[in-house]
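Structure data (compact mmCIF, C-alpha atoms) from entry.txt:
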```txt
# COMPACT_ATOMS: atom_id res chain seq x y z
CA MET A 1 0.00 0.00 0.00
CA ASP A 2 3.04 2.28 -0.40
CA GLY A 3 1.94 5.72 -1.56
CA ALA A 4 -1.74 4.76 -1.60
CA VAL A 5 -2.92 8.13 -0.31
CA SER A 6 -0.71 9.96 -2.80
CA ILE A 7 -2.02 7.83 -5.65
CA ALA A 8 -5.63 8.54 -4.68
CA TYR A 9 -4.87 12.25 -4.29
CA GLU A 10 -3.22 12.56 -7.71
CA GLN A 11 -6.07 10.63 -9.30
CA GLY A 12 -8.46 13.19 -7.81
CA VAL A 13 -6.33 16.00 -9.20
CA ALA A 14 -6.24 14.40 -12.65
CA ALA A 15 -10.03 13.96 -12.60
CA GLY A 16 -10.56 17.61 -11.67
CA GLN A 17 -12.09 16.65 -8.32
CA ILE A 18 -9.21 18.12 -6.28
CA ALA A 19 -7.44 21.42 -6.84
CA PRO A 20 -3.68 20.76 -6.51
CA ASP A 21 -2.20 22.28 -3.37
CA ALA A 22 1.39 22.11 -2.08
CA ALA A 23 0.33 22.07 1.57
CA GLN A 24 -2.04 19.19 0.91
CA ARG A 25 0.66 17.22 -0.88
CA ALA A 26 2.96 17.64 2.13
CA ALA A 27 0.22 16.30 4.40
CA VAL A 28 -0.40 13.41 1.98
CA ALA A 29 3.25 12.39 2.39
CA GLN A 30 2.74 12.28 6.17
CA LEU A 31 -0.38 10.13 5.74
CA ASP A 32 1.47 7.74 3.44
CA ALA A 33 4.23 7.47 6.06
CA LEU A 34 1.60 6.53 8.64
CA LEU A 35 0.22 3.86 6.31
CA ALA A 36 3.72 2.43 6.07
CA ARG A 37 4.10 2.42 9.86
CA LEU A 38 0.77 0.63 10.23
CA SER A 39 1.82 -2.03 7.72
CA GLN A 40 5.14 -2.62 9.48
CA ASP A 41 3.38 -2.90 12.82
CA ARG A 42 1.02 -5.72 11.85
CA SER A 43 3.09 -8.30 13.71
CA ARG A 44 3.26 -6.22 16.87
CA ALA A 45 1.49 -7.70 19.91
CA PRO A 46 -0.46 -7.55 22.09
CA ARG A 47 -3.44 -5.89 20.48
CA GLY A 48 -7.02 -5.11 21.40
CA LEU A 49 -8.36 -6.18 24.79
CA ALA A 50 -5.25 -8.02 25.92
CA ALA A 51 -3.18 -4.84 25.65
CA LEU A 52 -5.34 -3.16 28.27
CA TRP A 53 -3.68 -5.34 30.92
CA ARG A 54 -0.20 -5.81 29.46
CA ARG A 55 2.65 -3.36 29.25
CA PRO A 56 2.59 -1.67 25.82
CA GLN A 57 5.49 -2.58 23.59
CA PRO A 58 8.04 0.19 22.99
CA GLU A 59 7.61 2.68 20.18
CA PRO A 60 3.90 2.23 19.47
CA VAL A 61 2.60 3.51 16.16
CA ARG A 62 2.08 7.25 16.37
CA GLY A 63 -1.09 8.53 14.78
CA LEU A 64 -1.58 11.92 13.16
CA TYR A 65 -3.23 15.19 14.19
CA LEU A 66 -4.02 17.29 11.10
CA TRP A 67 -5.04 20.84 11.88
CA GLY A 68 -5.58 24.10 10.02
CA PRO A 69 -8.17 26.73 9.07
CA VAL A 70 -11.51 25.78 7.58
CA GLY A 71 -11.65 24.80 3.94
CA ARG A 72 -8.08 23.55 3.56
CA GLY A 73 -9.10 19.98 2.80
CA LYS A 74 -8.44 18.25 6.14
CA SER A 75 -11.52 16.04 6.02
CA MET A 76 -10.94 15.18 2.38
CA LEU A 77 -7.37 14.03 3.08
CA MET A 78 -8.43 12.01 6.10
CA ASP A 79 -11.13 10.32 4.01
CA LEU A 80 -8.54 9.41 1.37
CA PHE A 81 -6.36 7.94 4.10
CA HIS A 82 -9.21 6.00 5.70
CA THR A 83 -10.24 4.53 2.35
CA ALA A 84 -6.66 3.58 1.49
CA ALA A 85 -5.84 1.98 4.85
CA PRO A 86 -5.90 -1.83 4.49
CA GLU A 87 -6.73 -2.26 8.17
CA LYS A 88 -10.07 -4.06 8.48
CA ARG A 89 -10.74 -2.86 12.02
CA LYS A 90 -11.00 0.81 11.12
CA ARG A 91 -13.62 3.45 11.76
CA ARG A 92 -14.25 7.00 10.59
CA VAL A 93 -16.53 9.12 12.79
CA HIS A 94 -17.22 12.77 13.55
CA PHE A 95 -15.77 13.63 16.96
CA HIS A 96 -19.04 15.13 18.19
CA ALA A 97 -20.92 11.93 17.32
CA PHE A 98 -18.18 9.86 18.95
CA MET A 99 -18.46 11.74 22.23
CA GLN A 100 -22.23 11.30 22.25
CA GLU A 101 -21.63 7.58 21.85
CA ILE A 102 -19.15 7.63 24.73
CA HIS A 103 -21.60 9.42 27.02
CA ALA A 104 -24.27 6.85 26.17
CA GLY A 105 -21.85 4.01 26.97
CA LEU A 106 -20.85 5.60 30.27
CA HIS A 107 -24.51 5.95 31.21
CA VAL A 108 -25.12 2.24 30.62
CA ALA A 109 -22.00 1.24 32.58
CA ARG A 110 -23.00 3.40 35.55
CA GLN A 111 -26.49 1.94 35.56
CA GLN A 112 -24.87 -1.48 35.81
CA GLY A 113 -22.90 -0.36 38.86
CA VAL A 114 -19.48 -0.43 37.19
CA GLU A 115 -17.00 1.43 39.38
CA ASP A 116 -14.80 2.66 36.51
CA ALA A 117 -17.32 3.31 33.74
CA ILE A 118 -14.67 4.34 31.23
CA ALA A 119 -12.96 0.91 31.27
CA PRO A 120 -15.75 -1.12 29.58
CA VAL A 121 -16.36 1.65 27.05
CA ALA A 122 -12.68 1.68 26.09
CA MET A 123 -12.58 -2.13 25.98
CA ARG A 124 -15.54 -2.22 23.61
CA ILE A 125 -13.90 0.26 21.22
CA ALA A 126 -10.50 -1.47 21.37
CA ALA A 127 -12.09 -4.85 20.66
CA SER A 128 -13.43 -3.70 17.30
CA THR A 129 -11.14 -0.85 16.24
CA ARG A 130 -7.43 -0.55 15.60
CA LEU A 131 -7.54 2.60 13.43
CA LEU A 132 -9.82 5.38 14.61
CA CYS A 133 -10.27 8.42 12.35
CA PHE A 134 -11.94 11.48 13.88
CA ASP A 135 -13.23 14.49 12.00
CA GLU A 136 -13.13 17.86 13.77
CA MET A 137 -11.80 17.11 17.23
CA GLN A 138 -13.16 19.75 19.56
CA ILE A 139 -13.55 19.99 23.31
CA THR A 140 -16.18 22.47 24.41
CA ASP A 141 -17.18 21.58 27.96
CA ILE A 142 -15.64 20.43 31.21
CA THR A 143 -17.42 17.04 31.13
CA ASP A 144 -15.83 16.02 27.82
CA ALA A 145 -12.51 17.47 28.93
CA MET A 146 -12.46 15.21 31.97
CA ILE A 147 -13.48 12.11 30.01
CA VAL A 148 -11.20 12.19 26.96
CA GLY A 149 -7.92 12.03 28.87
CA ARG A 150 -8.64 8.73 30.61
CA LEU A 151 -10.44 7.32 27.59
CA PHE A 152 -7.62 8.02 25.16
CA GLU A 153 -5.04 6.75 27.64
CA LYS A 154 -6.78 3.35 27.58
CA LEU A 155 -7.25 3.40 23.82
CA PHE A 156 -3.58 4.17 23.23
CA ALA A 157 -2.58 1.45 25.70
CA ALA A 158 -4.72 -0.99 23.70
CA GLY A 159 -2.82 -0.14 20.51
CA VAL A 160 -5.54 1.93 18.89
CA VAL A 161 -4.05 4.33 16.32
CA VAL A 162 -5.77 7.70 16.06
CA VAL A 163 -5.95 10.08 13.10
CA THR A 164 -7.87 13.29 13.66
CA THR A 165 -8.57 16.66 12.10
CA SER A 166 -9.12 19.90 13.96
CA ASN A 167 -9.29 23.62 13.35
CA ARG A 168 -6.89 24.16 16.26
CA PRO A 169 -3.49 22.80 17.26
CA PRO A 170 -3.52 20.55 20.34
CA ARG A 171 -2.23 23.34 22.58
CA ASP A 172 -5.37 25.41 21.82
CA LEU A 173 -7.96 22.70 22.52
CA TYR A 174 -10.41 23.67 25.27
CA LYS A 175 -8.79 27.10 25.25
CA ASP A 176 -9.91 29.29 28.18
CA GLY A 177 -12.08 26.40 29.41
CA LEU A 178 -13.06 25.88 33.03
CA ASN A 179 -10.30 24.15 35.06
CA ARG A 180 -8.22 23.86 31.89
CA GLN A 181 -5.14 22.95 33.90
CA LEU A 182 -6.70 19.53 34.46
CA PHE A 183 -6.87 19.11 30.69
CA LEU A 184 -3.20 19.84 30.00
CA PRO A 185 -2.00 16.22 30.50
CA PHE A 186 -4.32 15.16 27.68
CA ILE A 187 -2.74 17.75 25.39
CA ALA A 188 0.71 16.44 26.30
CA MET A 189 -0.47 12.89 25.56
CA LEU A 190 -1.79 13.93 22.14
CA GLU A 191 1.48 15.60 21.24
CA ASP A 192 3.37 12.50 22.36
CA ARG A 193 1.21 9.92 20.58
CA LEU A 194 0.28 11.83 17.42
CA GLU A 195 2.35 13.53 14.75
CA VAL A 196 1.05 17.09 14.69
CA VAL A 197 0.79 18.35 11.09
CA GLU A 198 -0.39 21.83 10.18
CA LEU A 199 -2.34 22.08 6.96
CA GLY A 200 -2.00 25.76 6.20
CA GLY A 201 -1.91 26.95 2.63
CA ALA A 202 -3.36 30.20 1.38
CA THR A 203 -6.27 28.67 -0.50
CA ASP A 204 -9.66 28.04 1.03
CA HIS A 205 -10.80 25.13 -1.12
CA ARG A 206 -14.31 25.43 0.20
CA GLN A 207 -14.90 28.05 -2.44
CA ARG A 208 -17.06 31.00 -1.61
CA LEU A 209 -20.11 31.25 -3.76
CA GLY A 210 -20.32 33.78 -6.54
CA PRO A 211 -21.97 37.10 -5.69
CA GLY A 212 -25.19 36.16 -7.44
CA GLU A 213 -25.45 32.61 -6.09
CA ASN A 214 -28.83 31.65 -4.70
CA LEU A 215 -29.17 30.05 -1.25
CA TRP A 216 -32.94 29.36 -1.33
CA PHE A 217 -34.15 27.48 -4.40
CA ALA A 218 -37.88 27.64 -5.13
CA PRO A 219 -39.96 26.14 -6.59
CA LEU A 220 -38.81 22.52 -6.57
CA GLY A 221 -37.68 21.02 -9.84
CA GLU A 222 -34.62 20.35 -11.95
CA ALA A 223 -33.27 23.87 -11.55
CA ALA A 224 -33.52 23.69 -7.76
CA ALA A 225 -31.86 20.27 -7.65
CA SER A 226 -29.07 21.46 -9.92
CA GLY A 227 -28.56 24.58 -7.81
CA MET A 228 -28.33 22.56 -4.61
CA GLY A 229 -25.77 20.28 -6.22
CA ALA A 230 -23.67 23.25 -7.28
CA VAL A 231 -23.71 24.71 -3.77
CA TRP A 232 -22.69 21.36 -2.30
CA SER A 233 -19.76 21.15 -4.72
CA ALA A 234 -18.70 24.70 -3.86
CA LEU A 235 -18.90 24.24 -0.09
CA ALA A 236 -17.95 20.60 0.43
CA GLY A 237 -15.61 20.24 -2.53
CA GLY A 238 -16.44 16.59 -3.17
CA PRO A 239 -18.45 13.58 -2.03
CA GLY A 240 -19.17 13.17 1.65
CA ALA A 241 -19.66 10.22 3.98
CA GLU A 242 -22.63 8.95 5.95
CA LEU A 243 -22.97 10.70 9.31
CA ARG A 244 -24.14 8.83 12.41
CA LEU A 245 -25.16 10.78 15.49
CA SER A 246 -25.66 8.95 18.78
CA VAL A 247 -28.50 10.60 20.68
CA GLY A 248 -29.89 9.14 23.88
CA GLY A 249 -28.86 5.62 23.01
CA ARG A 250 -30.24 5.89 19.46
CA GLU A 251 -28.49 6.47 16.17
CA VAL A 252 -29.63 9.21 13.82
CA ILE A 253 -28.24 8.50 10.36
CA LEU A 254 -27.81 11.33 7.86
CA PRO A 255 -26.92 10.52 4.27
CA GLU A 256 -23.93 12.77 3.64
CA ALA A 257 -21.53 15.08 5.45
CA ARG A 258 -18.09 16.47 4.80
CA ASP A 259 -15.99 18.90 6.82
CA GLY A 260 -18.99 20.22 8.74
CA ILE A 261 -21.21 20.53 5.63
CA VAL A 262 -24.25 18.25 5.95
CA ARG A 263 -26.76 17.30 3.26
CA ALA A 264 -30.23 15.79 3.90
CA ASP A 265 -33.77 16.11 2.65
CA PHE A 266 -36.92 17.20 4.46
CA GLU A 267 -38.28 13.66 4.75
CA THR A 268 -35.12 12.44 6.47
CA LEU A 269 -35.12 15.18 9.09
CA CYS A 270 -38.79 16.04 9.56
CA ALA A 271 -40.92 13.05 8.55
CA ARG A 272 -39.21 10.71 11.00
CA PRO A 273 -39.92 10.83 14.75
CA LEU A 274 -36.99 13.07 15.65
CA GLY A 275 -37.00 15.60 18.47
CA PRO A 276 -35.11 18.55 19.96
CA ALA A 277 -32.19 16.42 21.17
CA ASP A 278 -31.61 15.10 17.65
CA TYR A 279 -31.67 18.56 16.12
CA LEU A 280 -29.40 19.97 18.82
CA ALA A 281 -26.92 17.18 18.11
CA LEU A 282 -26.97 18.05 14.41
CA ALA A 283 -26.62 21.77 15.12
CA GLY A 284 -23.71 21.06 17.46
CA MET A 285 -21.54 19.56 14.74
CA ALA A 286 -22.69 21.18 11.49
CA ARG A 287 -21.44 24.41 9.96
CA VAL A 288 -23.94 24.38 7.11
CA LEU A 289 -27.01 22.25 6.42
CA LEU A 290 -28.19 21.75 2.85
CA LEU A 291 -31.86 20.87 3.31
CA SER A 292 -33.64 19.82 0.13
CA ASP A 293 -37.24 19.24 -0.94
CA ILE A 294 -39.11 21.24 1.70
CA PRO A 295 -42.81 20.87 0.76
CA ARG A 296 -45.73 23.17 1.38
CA LEU A 297 -46.98 22.44 4.88
CA SER A 298 -50.57 22.23 6.05
CA ARG A 299 -52.88 20.79 8.69
CA ALA A 300 -52.33 17.33 7.18
CA ARG A 301 -48.60 17.59 7.86
CA ASN A 302 -48.74 19.38 11.17
CA ASN A 303 -46.32 16.98 12.88
CA GLU A 304 -43.74 17.51 10.15
CA ALA A 305 -44.29 21.27 10.43
CA LYS A 306 -43.63 21.15 14.18
CA ARG A 307 -40.41 19.23 13.63
CA PHE A 308 -39.34 21.66 10.93
CA VAL A 309 -39.88 24.59 13.29
CA THR A 310 -37.85 22.84 16.00
CA LEU A 311 -35.07 22.07 13.51
CA ILE A 312 -34.85 25.66 12.31
CA ASP A 313 -34.83 26.94 15.90
CA ALA A 314 -31.90 24.65 16.75
CA LEU A 315 -29.97 25.71 13.64
CA TYR A 316 -30.71 29.38 14.25
CA GLU A 317 -29.59 29.37 17.88
CA ALA A 318 -26.37 27.56 16.93
CA ARG A 319 -25.83 29.96 14.00
CA VAL A 320 -25.62 27.10 11.50
CA GLY A 321 -25.71 28.06 7.84
CA LEU A 322 -28.68 26.96 5.76
CA VAL A 323 -29.10 26.37 2.04
CA ALA A 324 -32.46 24.95 0.98
CA SER A 325 -34.71 23.94 -1.87
CA ALA A 326 -38.44 24.37 -1.23
CA ALA A 327 -41.83 24.38 -2.85
CA ALA A 328 -42.25 28.07 -2.05
CA GLU A 329 -40.66 31.08 -0.42
CA PRO A 330 -40.45 30.87 3.41
CA GLU A 331 -43.48 33.03 4.11
CA ALA A 332 -45.64 30.87 1.82
CA LEU A 333 -44.62 27.45 3.14
CA TYR A 334 -47.23 27.14 5.89
CA ILE A 335 -50.28 29.32 5.49
CA GLU A 336 -53.00 26.97 6.75
CA GLY A 337 -53.04 24.83 9.87
CA PRO A 338 -52.88 25.05 13.68
CA GLY A 339 -49.33 26.36 13.69
CA ALA A 340 -49.55 28.73 10.73
CA PHE A 341 -49.53 31.89 12.84
CA GLU A 342 -46.53 30.76 14.89
CA PHE A 343 -44.76 29.78 11.66
CA GLN A 344 -44.38 33.46 10.80
CA ARG A 345 -41.53 33.55 13.32
CA THR A 346 -39.85 30.62 11.57
CA ALA A 347 -40.32 32.32 8.18
CA SER A 348 -38.63 35.41 9.57
CA ARG A 349 -35.70 33.32 10.77
CA LEU A 350 -35.44 31.59 7.41
CA ALA A 351 -35.32 34.97 5.67
CA GLU A 352 -32.35 35.92 7.85
CA MET A 353 -30.61 32.57 7.49
CA ARG A 354 -30.78 32.58 3.69
CA SER A 355 -28.54 35.63 3.50
CA ARG A 356 -24.95 35.46 2.31
CA GLU A 357 -23.80 37.20 5.49
CA TRP A 358 -25.30 34.43 7.63
CA LEU A 359 -23.63 31.72 5.54
CA GLU A 360 -20.23 33.41 5.53
CA ALA A 361 -20.36 33.85 9.32
CA ALA A 362 -21.25 30.17 9.75
CA LEU A 363 -18.32 29.08 7.58
CA GLU A 364 -15.81 31.27 9.37
CA ARG A 365 -16.87 30.61 12.96
CA PRO A 366 -14.85 27.91 14.76
CA ARG A 367 -16.99 25.12 16.24
CA ASP A 368 -15.05 24.86 19.48
```
As structure tokens, the full file:
Amino acid sequence: MDGAVSIAYEQGVAAGQIAPDAAQRAAVAQLDALLARLSQDRSRAPRGLAALWRRPQPEPVRGLYLWGPVGRGKSMLMDLFHTAAPEKRKRRVHFHAFMQEIHAGLHVARQQGVEDAIAPVAMRIAASTRLLCFDEMQITDITDAMIVGRLFEKLFAAGVVVVTTSNRPPRDLYKDGLNRQLFLPFIAMLEDRLEVVELGGATDHRQRLGPGENLWFAPLGEAAASGMGAVWSALAGGPGAELRLSVGGREVILPEARDGIVRADFETLCARPLGPADYLALAGMARVLLLSDIPRLSRARNNEAKRFVTLIDALYEARVGLVASAAAEPEALYIEGPGAFEFQRTASRLAEMRSREWLEAALERPRD
């Protein structure tokens, strides 16, 4: 698998799917080096659960921490690496979704009376995963800050190799957070166990839209679908991956996400029995949501209308960008039904969120 990431990258360049970038090529070389280290380490033992109780062998495989400003292609490069890695026990997950999963596992362990709830959660991950790829590592609250240190210590001891992207270098994680001094050992551990690679470069590959680009496509039809596709290409820069959010012990599956840009249709988000917690989880990790095929709403679809209002409220409060295709303009989406009067507030929010200024602010704002 020598040079597998480089080969995939250059194929993307040749196909016009990737704009060539010197900083990206330097990071690709680092990812190929990690692939080589993983291949050489296949005979290393112990692995998985057994390593939790045995002394780790010297010189464990160091993972990689790829950081830089938004739009530099971090998620795209990590996806190339994850696809190229021959390791069968590998997983790619958004860091926000991963932490929700961890909290759910801790809750179950505590209910079972386990004294050290982190141990069984780490054992479960180590049993099924050798290569763990995170998108957008971010620590935003004291609870996560206190959990990740002990969790990652056990994962590293079990031989799990971590590759992650972030908008910040390790030293700036949980910056100015409460009791941050307790978090500093985790930062030191990251810098020891991961190669820290800055993906700078002057080019924001998540191209800004042209000055006349539409952000609300109505009515529905071929033109709207084509416009949504063009916006996705401009913001995401390529195909995304399925996104799984763990919410209250359940999984919410969204069809496509890349580098904080999420794409789903109205039926996926509003016709299913989702609630505020699900929408808050989505708003917590997304920069921009591309929401397609919003229908006209009425008394017959009152439940869907309520969910749509809740979704927009969550996105608005989190200042998430919104690009949408709909059957009508916001003020004409819901004109008849028990919630039509209250929907005027949602229409007002949609009018604000469809502006270029709102989108640009959402793209520039760090998530942690």
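The two atoms in question, atom CA of A:Tyr9 and atom CA of A:Gln24, are spaced 9.1 Å apart.
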*Residue nearest A:Gln138 - candidates A:Pro169, A:Gly105, A:Gly240, A:Gly248, atoms counted: only C-alpha atoms*: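 When distances to A:Gln138 are compared using only C-alpha atoms, the smallest one comes from A:Pro169.
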*Polymer residues at most 8 Å from (-11.1, 5.7, 30.9) by all atoms listed in the file, as a PyMOL selection string*: chain A and resi 116-119+121-122+147-154
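Computed from the coordinates, the atom CA of A:Arg72 to atom CA of A:Ile139 distance equals 20.8 Å.
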*Rounded to one decimal in Å, what is the spacing between atom CA of A:Met137 and atom CA of A:Ser166?*
5.1 Å
Show me, as a Markdown table, the residues of stretch 110-142 of chain A having an atom within 12 Å of stretch 258-281 of chain A, each with the closest atom pair and its distance in Å, using all atoms listed in the file.
```
| residue | atom | partner | partner_atom | distance |
| --- | --- | --- | --- | --- |
| A:Phe134 | CA | A:Asp259 | CA | 11.0 |
| A:Asp135 | CA | A:Asp259 | CA | 7.3 |
| A:Glu136 | CA | A:Asp259 | CA | 7.6 |
| A:Met137 | CA | A:Asp259 | CA | 11.4 |
```
Counting all atoms listed in the file, find residues at most 10 Å from (-39.6, 25.2, 9.6) (file frame) and give them as an mmCIF file with C-alpha atoms, in the coordinates of the input.
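Output below, filename result.cif:
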```
data_model
loop_
_atom_site.group_PDB
_atom_site.id
_atom_site.type_symbol
_atom_site.label_atom_id
_atom_site.label_comp_id
_atom_site.auth_asym_id
_atom_site.auth_seq_id
_atom_site.Cartn_x
_atom_site.Cartn_y
_atom_site.Cartn_z
ATOM 1 C CA PHE A 266 -36.920 17.200 4.460
ATOM 2 C CA CYS A 270 -38.790 16.040 9.560
ATOM 3 C CA ILE A 294 -39.110 21.240 1.700
ATOM 4 C CA LEU A 297 -46.980 22.440 4.880
ATOM 5 C CA GLU A 304 -43.740 17.510 10.150
ATOM 6 C CA ALA A 305 -44.290 21.270 10.430
ATOM 7 C CA LYS A 306 -43.630 21.150 14.180
ATOM 8 C CA ARG A 307 -40.410 19.230 13.630
ATOM 9 C CA PHE A 308 -39.340 21.660 10.930
ATOM 10 C CA VAL A 309 -39.880 24.590 13.290
ATOM 11 C CA THR A 310 -37.850 22.840 16.000
ATOM 12 C CA LEU A 311 -35.070 22.070 13.510
ATOM 13 C CA ILE A 312 -34.850 25.660 12.310
ATOM 14 C CA ASP A 313 -34.830 26.940 15.900
ATOM 15 C CA PRO A 330 -40.450 30.870 3.410
ATOM 16 C CA LEU A 333 -44.620 27.450 3.140
ATOM 17 C CA TYR A 334 -47.230 27.140 5.890
ATOM 18 C CA PHE A 343 -44.760 29.780 11.660
ATOM 19 C CA GLN A 344 -44.380 33.460 10.800
ATOM 20 C CA ARG A 345 -41.530 33.550 13.320
ATOM 21 C CA THR A 346 -39.850 30.620 11.570
ATOM 22 C CA ALA A 347 -40.320 32.320 8.180
ATOM 23 C CA ARG A 349 -35.700 33.320 10.770
ATOM 24 C CA LEU A 350 -35.440 31.590 7.410
#
```
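Across A:Gly229, A:Gln17, A:Ala4, A:Ala97, the tightest approach to A:Leu254 is made by A:Ala97 when counting only C-alpha atoms.
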Which polymer residues have any atom within 7 Å of an atom of stretch 242-245 of chain A, counting all atoms listed in the file, with same-chain residues fewer than 6 positions away left out, as a short mmCIF file (atom, residue, chain, number, x, y, z; two decimals) with C-alpha atoms, in the coordinates of the input?
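Final output, around.cif:
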```
data_model
loop_
_atom_site.label_atom_id
_atom_site.label_comp_id
_atom_site.auth_asym_id
_atom_site.auth_seq_id
_atom_site.Cartn_x
_atom_site.Cartn_y
_atom_site.Cartn_z
CA ALA A 97 -20.92 11.93 17.32
CA GLU A 251 -28.49 6.47 16.17
CA VAL A 252 -29.63 9.21 13.82
CA ILE A 253 -28.24 8.50 10.36
CA LEU A 254 -27.81 11.33 7.86
CA PRO A 255 -26.92 10.52 4.27
CA GLU A 256 -23.93 12.77 3.64
CA ALA A 257 -21.53 15.08 5.45
#
```
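With distances taken over all atoms listed in the file, A:Leu199 is the one residue among A:Val163, A:Leu199, A:Ala241, A:Ala223 lying closest to A:Ala23.
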Mind checking which residues fall within 8 Å of stretch 32-35 of chain A, counting all atoms listed in the file, ignoring those fewer than 2 positions away in the same chain, and posting them as a PDB file with C-alpha atoms, in the coordinates of the input?
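Okay, this is what ended up in selection.pdb:
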```pdb
ATOM      1  CA  MET A   1       0.000   0.000   0.000  1.00  0.00           C
ATOM      2  CA  ASP A   2       3.040   2.280  -0.400  1.00  0.00           C
ATOM      3  CA  GLY A   3       1.940   5.720  -1.560  1.00  0.00           C
ATOM      4  CA  ALA A   4      -1.740   4.760  -1.600  1.00  0.00           C
ATOM      5  CA  VAL A   5      -2.920   8.130  -0.310  1.00  0.00           C
ATOM      6  CA  SER A   6      -0.710   9.960  -2.800  1.00  0.00           C
ATOM      7  CA  VAL A  28      -0.400  13.410   1.980  1.00  0.00           C
ATOM      8  CA  ALA A  29       3.250  12.390   2.390  1.00  0.00           C
ATOM      9  CA  GLN A  30       2.740  12.280   6.170  1.00  0.00           C
ATOM     10  CA  ARG A  37       4.100   2.420   9.860  1.00  0.00           C
ATOM     11  CA  LEU A  38       0.770   0.630  10.230  1.00  0.00           C
ATOM     12  CA  SER A  39       1.820  -2.030   7.720  1.00  0.00           C
ATOM     13  CA  ARG A  62       2.080   7.250  16.370  1.00  0.00           C
ATOM     14  CA  GLY A  63      -1.090   8.530  14.780  1.00  0.00           C
ATOM     15  CA  LEU A  64      -1.580  11.920  13.160  1.00  0.00           C
ATOM     16  CA  PHE A  81      -6.360   7.940   4.100  1.00  0.00           C
ATOM     17  CA  ALA A  85      -5.840   1.980   4.850  1.00  0.00           C
TER      18      ALA A  85
END
```
*Go through A:Val162, A:Met353, A:Met189, A:Ala328 and flag the residue nearest A:Arg92, using all atoms listed in the file for the distances.*
A:Val162
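Candidate residues A:Ser226, A:Ser75, A:Asn167, A:Gln11 were compared for distance to A:Pro239, and the nearest is A:Ser75, using only C-alpha atoms.
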